[in-house]
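Here is protein16.cif, consisting of mmCIF, N, CA and C atoms:
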data_run
#
loop_
_atom_site.label_atom_id
_atom_site.label_comp_id
_atom_site.auth_asym_id
_atom_site.auth_seq_id
_atom_site.Cartn_x
_atom_site.Cartn_y
_atom_site.Cartn_z
N MET M 1 27.02 9.48 160.78
CA MET M 1 26.04 10.03 161.70
C MET M 1 26.70 11.17 162.48
N ASN M 2 25.94 12.24 162.70
CA ASN M 2 26.49 13.34 163.50
C ASN M 2 25.86 13.34 164.89
N LEU M 3 26.31 14.26 165.74
CA LEU M 3 25.84 14.27 167.14
C LEU M 3 24.36 14.59 167.27
N ASN M 4 23.78 15.27 166.29
CA ASN M 4 22.34 15.55 166.36
C ASN M 4 21.52 14.25 166.31
N ASP M 5 22.09 13.20 165.72
CA ASP M 5 21.39 11.91 165.59
C ASP M 5 21.77 10.92 166.69
N ALA M 6 22.72 11.27 167.53
CA ALA M 6 23.23 10.35 168.56
C ALA M 6 22.23 10.18 169.70
N GLN M 7 22.26 9.00 170.31
CA GLN M 7 21.40 8.71 171.46
C GLN M 7 22.02 9.27 172.74
N GLU M 8 21.15 9.73 173.63
CA GLU M 8 21.62 10.21 174.94
C GLU M 8 22.18 9.05 175.75
N GLY M 9 23.29 9.31 176.45
CA GLY M 9 23.87 8.32 177.35
C GLY M 9 24.75 7.28 176.70
N LYS M 10 24.83 7.26 175.39
CA LYS M 10 25.66 6.28 174.70
C LYS M 10 26.98 6.92 174.30
N GLU M 11 28.08 6.20 174.52
CA GLU M 11 29.40 6.73 174.16
C GLU M 11 29.70 6.42 172.69
N TYR M 12 30.21 7.41 171.99
CA TYR M 12 30.60 7.28 170.59
C TYR M 12 32.06 7.68 170.45
N ILE M 13 32.66 7.25 169.36
CA ILE M 13 34.03 7.67 169.02
C ILE M 13 33.92 8.67 167.87
N ILE M 14 34.59 9.81 168.02
CA ILE M 14 34.56 10.85 166.99
C ILE M 14 35.34 10.35 165.78
N LYS M 15 34.68 10.32 164.61
CA LYS M 15 35.34 9.89 163.38
C LYS M 15 35.99 11.07 162.68
N SER M 16 35.30 12.20 162.66
CA SER M 16 35.86 13.38 162.00
C SER M 16 35.09 14.63 162.39
N ILE M 17 35.71 15.77 162.10
CA ILE M 17 35.07 17.07 162.28
C ILE M 17 34.93 17.66 160.88
N GLU M 18 33.70 17.86 160.43
CA GLU M 18 33.46 18.33 159.07
C GLU M 18 33.08 19.80 159.08
N THR M 19 34.10 20.64 159.02
CA THR M 19 33.88 22.08 158.92
C THR M 19 35.06 22.72 158.20
N ASP M 20 34.78 23.78 157.48
CA ASP M 20 35.84 24.52 156.77
C ASP M 20 36.35 25.68 157.61
N ASP M 21 35.72 25.91 158.76
CA ASP M 21 36.07 27.04 159.64
C ASP M 21 37.26 26.65 160.52
N GLU M 22 38.41 27.22 160.25
CA GLU M 22 39.62 26.88 161.00
C GLU M 22 39.52 27.28 162.47
N GLU M 23 38.84 28.39 162.75
CA GLU M 23 38.64 28.83 164.13
C GLU M 23 37.80 27.82 164.91
N LEU M 24 36.77 27.31 164.27
CA LEU M 24 35.92 26.30 164.89
C LEU M 24 36.71 25.02 165.15
N ASN M 25 37.52 24.61 164.19
CA ASN M 25 38.37 23.44 164.38
C ASN M 25 39.30 23.61 165.59
N SER M 26 39.90 24.78 165.70
CA SER M 26 40.81 25.06 166.82
C SER M 26 40.07 25.03 168.15
N PHE M 27 38.86 25.59 168.17
CA PHE M 27 38.05 25.61 169.38
C PHE M 27 37.71 24.18 169.82
N LEU M 28 37.26 23.36 168.89
CA LEU M 28 36.90 21.98 169.22
C LEU M 28 38.12 21.20 169.68
N PHE M 29 39.26 21.43 169.05
CA PHE M 29 40.49 20.75 169.45
C PHE M 29 40.88 21.13 170.88
N SER M 30 40.68 22.40 171.24
CA SER M 30 41.01 22.85 172.60
C SER M 30 40.11 22.20 173.64
N LEU M 31 38.90 21.78 173.24
CA LEU M 31 37.99 21.08 174.16
C LEU M 31 38.34 19.60 174.27
N GLY M 32 39.20 19.12 173.37
CA GLY M 32 39.53 17.70 173.34
C GLY M 32 38.66 16.94 172.37
N CYS M 33 38.03 17.65 171.48
CA CYS M 33 37.11 17.07 170.51
C CYS M 33 37.83 16.91 169.17
N TYR M 34 38.37 15.70 168.92
CA TYR M 34 39.06 15.41 167.67
C TYR M 34 38.96 13.91 167.39
N SER M 35 39.33 13.51 166.20
CA SER M 35 39.18 12.12 165.76
C SER M 35 39.79 11.14 166.75
N GLY M 36 39.05 10.07 167.03
CA GLY M 36 39.52 9.02 167.92
C GLY M 36 39.12 9.19 169.37
N GLU M 37 38.64 10.37 169.75
CA GLU M 37 38.25 10.62 171.15
C GLU M 37 36.82 10.16 171.41
N PRO M 38 36.56 9.60 172.59
CA PRO M 38 35.18 9.26 172.94
C PRO M 38 34.38 10.51 173.31
N ILE M 39 33.10 10.49 172.97
CA ILE M 39 32.19 11.59 173.29
C ILE M 39 30.83 11.00 173.64
N THR M 40 30.16 11.59 174.62
CA THR M 40 28.84 11.12 175.05
C THR M 40 27.86 12.28 175.07
N VAL M 41 26.69 12.08 174.48
CA VAL M 41 25.61 13.06 174.57
C VAL M 41 24.93 12.84 175.91
N VAL M 42 25.05 13.82 176.81
CA VAL M 42 24.48 13.70 178.15
C VAL M 42 23.00 14.03 178.13
N SER M 43 22.64 15.13 177.48
CA SER M 43 21.22 15.51 177.39
C SER M 43 21.02 16.50 176.26
N ARG M 44 19.76 16.77 175.97
CA ARG M 44 19.39 17.78 174.96
C ARG M 44 18.43 18.76 175.61
N ARG M 45 18.71 20.06 175.44
CA ARG M 45 17.86 21.09 176.01
C ARG M 45 17.71 22.26 175.04
N LYS M 46 16.47 22.59 174.74
CA LYS M 46 16.16 23.74 173.89
C LYS M 46 16.99 23.77 172.62
N GLY M 47 17.11 22.63 171.97
CA GLY M 47 17.84 22.57 170.71
C GLY M 47 19.32 22.35 170.86
N SER M 48 19.89 22.67 172.02
CA SER M 48 21.32 22.45 172.19
C SER M 48 21.57 21.06 172.74
N CYS M 49 22.82 20.68 172.72
CA CYS M 49 23.22 19.34 173.08
C CYS M 49 24.30 19.44 174.16
N VAL M 50 24.12 18.78 175.29
CA VAL M 50 25.15 18.76 176.33
C VAL M 50 25.97 17.49 176.13
N VAL M 51 27.28 17.66 175.92
CA VAL M 51 28.15 16.52 175.66
C VAL M 51 29.24 16.42 176.72
N SER M 52 29.72 15.22 176.90
CA SER M 52 30.83 14.95 177.82
C SER M 52 32.03 14.54 176.97
N ILE M 53 33.11 15.34 177.09
CA ILE M 53 34.36 15.04 176.40
C ILE M 53 35.45 15.05 177.45
N LYS M 54 36.19 13.94 177.53
CA LYS M 54 37.21 13.79 178.57
C LYS M 54 36.57 14.02 179.94
N ASP M 55 37.04 14.99 180.72
CA ASP M 55 36.47 15.24 182.04
C ASP M 55 35.55 16.45 182.07
N GLY M 56 35.19 16.99 180.92
CA GLY M 56 34.37 18.20 180.88
C GLY M 56 33.02 17.97 180.23
N ARG M 57 32.09 18.86 180.57
CA ARG M 57 30.76 18.85 179.93
C ARG M 57 30.57 20.19 179.25
N TYR M 58 30.06 20.14 178.02
CA TYR M 58 29.90 21.35 177.22
C TYR M 58 28.54 21.35 176.54
N SER M 59 27.97 22.53 176.43
CA SER M 59 26.72 22.70 175.70
C SER M 59 27.06 23.23 174.31
N ILE M 60 26.64 22.51 173.29
CA ILE M 60 26.94 22.92 171.93
C ILE M 60 25.64 23.09 171.15
N ASP M 61 25.64 24.01 170.20
CA ASP M 61 24.44 24.26 169.41
C ASP M 61 24.31 23.21 168.29
N PRO M 62 23.12 23.15 167.66
CA PRO M 62 22.89 22.12 166.64
C PRO M 62 23.84 22.21 165.44
N ALA M 63 24.25 23.42 165.06
CA ALA M 63 25.16 23.57 163.92
C ALA M 63 26.52 22.95 164.23
N LEU M 64 26.99 23.15 165.45
CA LEU M 64 28.26 22.57 165.87
C LEU M 64 28.13 21.05 166.00
N ALA M 65 27.02 20.59 166.54
CA ALA M 65 26.80 19.15 166.68
C ALA M 65 26.75 18.46 165.32
N ALA M 66 26.23 19.16 164.30
CA ALA M 66 26.17 18.60 162.97
C ALA M 66 27.55 18.42 162.34
N ALA M 67 28.52 19.20 162.79
CA ALA M 67 29.90 19.11 162.25
C ALA M 67 30.69 17.98 162.87
N ILE M 68 30.21 17.42 163.98
CA ILE M 68 30.94 16.35 164.67
C ILE M 68 30.37 15.00 164.22
N ILE M 69 31.17 14.26 163.47
CA ILE M 69 30.74 12.97 162.91
C ILE M 69 31.23 11.85 163.82
N VAL M 70 30.28 10.99 164.22
CA VAL M 70 30.62 9.87 165.12
C VAL M 70 30.34 8.54 164.42
#
Kindly present the structure from the file in structure tokens form.
Amino acid sequence: MNLNDAQEGKEYIIKSIETDDEELNSFLFSLGCYSGEPITVVSRRKGSCVVSIKDGRYSIDPALAAAIIV
């Protein structure tokens, strides 16, 4: 299941990041988004997804959310 299918307010553990884009992988890693880390979908607005990773909140687009497998 990816983040587009995740329920709001429920904490998930990231299983993998499925993308071939090395720059995208580096960006997600810098946010603290990598295998084994907890992630929570806080809300959804206009197609984007607001997530909580560690102590930060980030708005990610649907394509990025689809690459994050929980």
Problem set entry | Those of chain M in DSSP strand (DSSP E), formatted as a VMD selection string | chain M and resid 11 to 13 16 to 17 38 to 45 48 to 53 56 to 60 68 to 69
Problem set entry | Polymer residues at most 6.5 Å from stretch 30-42 of chain M, only N, CA and C atoms, same-chain spacing of 5 or more positions, as number ranges by chain | M: 7-17, 25, 49-54
Problem set entry | Neighbour list for M:Ala66 as a VMD selection string, cut-off 7 Å, all atoms listed in the file, skip fewer than 3 positions in-chain | chain M and resid 2 to 4 18 61 to 63 69
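Note that atom CA of M:Gly47 and atom CA of M:Ala67 are 15.1 Å apart.
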For this session: Work out how far atom CA of M:Ser59 is from atom CA of M:Leu28, in Å to one decimal.
Result: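 Interatomic distance, atom CA of M:Leu28 to atom CA of M:Ser59: 12.1 Å.
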Problem set entry | Residues flagged helix (DSSP H, G or I) by DSSP in chain M, as a list in words | Leu3, Asn4, Asp5, Glu22, Glu23, Leu24, Asn25, Ser26, Phe27, Leu28, Phe29, Ser30, Leu31, Pro62, Ala63, Leu64, Ala65, Ala66 and Ala67 of chain M
For this session: Just give me the gap between atom CA of M:Val70 and atom CA of M:Met1 in Å, one decimal is fine.
Result: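 For atom CA of M:Val70 relative to atom CA of M:Met1, the distance reads 5.7 Å.
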Restore all heavy atoms in stretch 29-40 of chain M and list the result as a short mmCIF file (atom, residue, chain, number, x, y, z; two decimals), in the frame of the given file.
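Dumped everything to rebuild-v1.cif:
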data_model
loop_
_atom_site.label_atom_id
_atom_site.label_comp_id
_atom_site.auth_asym_id
_atom_site.auth_seq_id
_atom_site.Cartn_x
_atom_site.Cartn_y
_atom_site.Cartn_z
N PHE M 29 39.26 21.43 169.05
CA PHE M 29 40.49 20.75 169.45
C PHE M 29 40.88 21.13 170.88
O PHE M 29 41.31 20.29 171.66
CB PHE M 29 41.63 21.08 168.48
CG PHE M 29 42.85 20.26 168.70
CD1 PHE M 29 42.95 18.98 168.20
CD2 PHE M 29 43.91 20.75 169.45
CE1 PHE M 29 44.09 18.20 168.41
CE2 PHE M 29 45.05 20.00 169.68
CZ PHE M 29 45.13 18.72 169.15
N SER M 30 40.68 22.40 171.24
CA SER M 30 41.01 22.85 172.60
C SER M 30 40.11 22.20 173.64
O SER M 30 40.49 22.07 174.81
CB SER M 30 40.94 24.37 172.70
OG SER M 30 39.60 24.82 172.67
N LEU M 31 38.90 21.78 173.24
CA LEU M 31 37.99 21.08 174.16
C LEU M 31 38.34 19.60 174.27
O LEU M 31 37.83 18.91 175.14
CB LEU M 31 36.55 21.20 173.68
CG LEU M 31 35.92 22.57 173.62
CD1 LEU M 31 34.48 22.46 173.14
CD2 LEU M 31 35.97 23.27 174.97
N GLY M 32 39.20 19.12 173.37
CA GLY M 32 39.53 17.70 173.34
C GLY M 32 38.66 16.94 172.37
O GLY M 32 38.55 15.72 172.44
N CYS M 33 38.03 17.65 171.48
CA CYS M 33 37.11 17.07 170.51
C CYS M 33 37.83 16.91 169.17
O CYS M 33 37.92 17.85 168.40
CB CYS M 33 35.89 17.98 170.37
SG CYS M 33 34.61 17.32 169.30
N TYR M 34 38.37 15.70 168.92
CA TYR M 34 39.06 15.41 167.67
C TYR M 34 38.96 13.91 167.39
O TYR M 34 38.51 13.15 168.25
CB TYR M 34 40.52 15.88 167.71
CG TYR M 34 41.27 15.54 168.97
CD1 TYR M 34 41.88 14.30 169.13
CD2 TYR M 34 41.36 16.45 170.01
CE1 TYR M 34 42.56 13.99 170.29
CE2 TYR M 34 42.04 16.14 171.18
CZ TYR M 34 42.64 14.91 171.31
OH TYR M 34 43.31 14.61 172.47
N SER M 35 39.33 13.51 166.20
CA SER M 35 39.18 12.12 165.76
C SER M 35 39.79 11.14 166.75
O SER M 35 40.90 11.35 167.25
CB SER M 35 39.84 11.92 164.39
OG SER M 35 39.17 12.67 163.43
N GLY M 36 39.05 10.07 167.03
CA GLY M 36 39.52 9.02 167.92
C GLY M 36 39.12 9.19 169.37
O GLY M 36 39.25 8.26 170.16
N GLU M 37 38.64 10.37 169.75
CA GLU M 37 38.25 10.62 171.15
C GLU M 37 36.82 10.16 171.41
O GLU M 37 35.95 10.33 170.57
CB GLU M 37 38.34 12.11 171.47
CG GLU M 37 39.74 12.59 171.76
CD GLU M 37 40.35 11.93 172.97
OE1 GLU M 37 39.71 11.87 174.04
OE2 GLU M 37 41.48 11.46 172.85
N PRO M 38 36.56 9.60 172.59
CA PRO M 38 35.18 9.26 172.94
C PRO M 38 34.38 10.51 173.31
O PRO M 38 34.93 11.46 173.87
CB PRO M 38 35.33 8.33 174.14
CG PRO M 38 36.69 8.56 174.68
CD PRO M 38 37.52 9.13 173.58
N ILE M 39 33.10 10.49 172.97
CA ILE M 39 32.19 11.59 173.29
C ILE M 39 30.83 11.00 173.64
O ILE M 39 30.41 10.00 173.05
CB ILE M 39 32.09 12.59 172.12
CG1 ILE M 39 31.30 13.83 172.51
CG2 ILE M 39 31.51 11.94 170.88
CD1 ILE M 39 31.38 14.97 171.51
N THR M 40 30.16 11.59 174.62
CA THR M 40 28.84 11.12 175.05
C THR M 40 27.86 12.28 175.07
O THR M 40 28.18 13.34 175.59
CB THR M 40 28.93 10.52 176.48
OG1 THR M 40 29.91 9.50 176.50
CG2 THR M 40 27.59 9.96 176.91
#
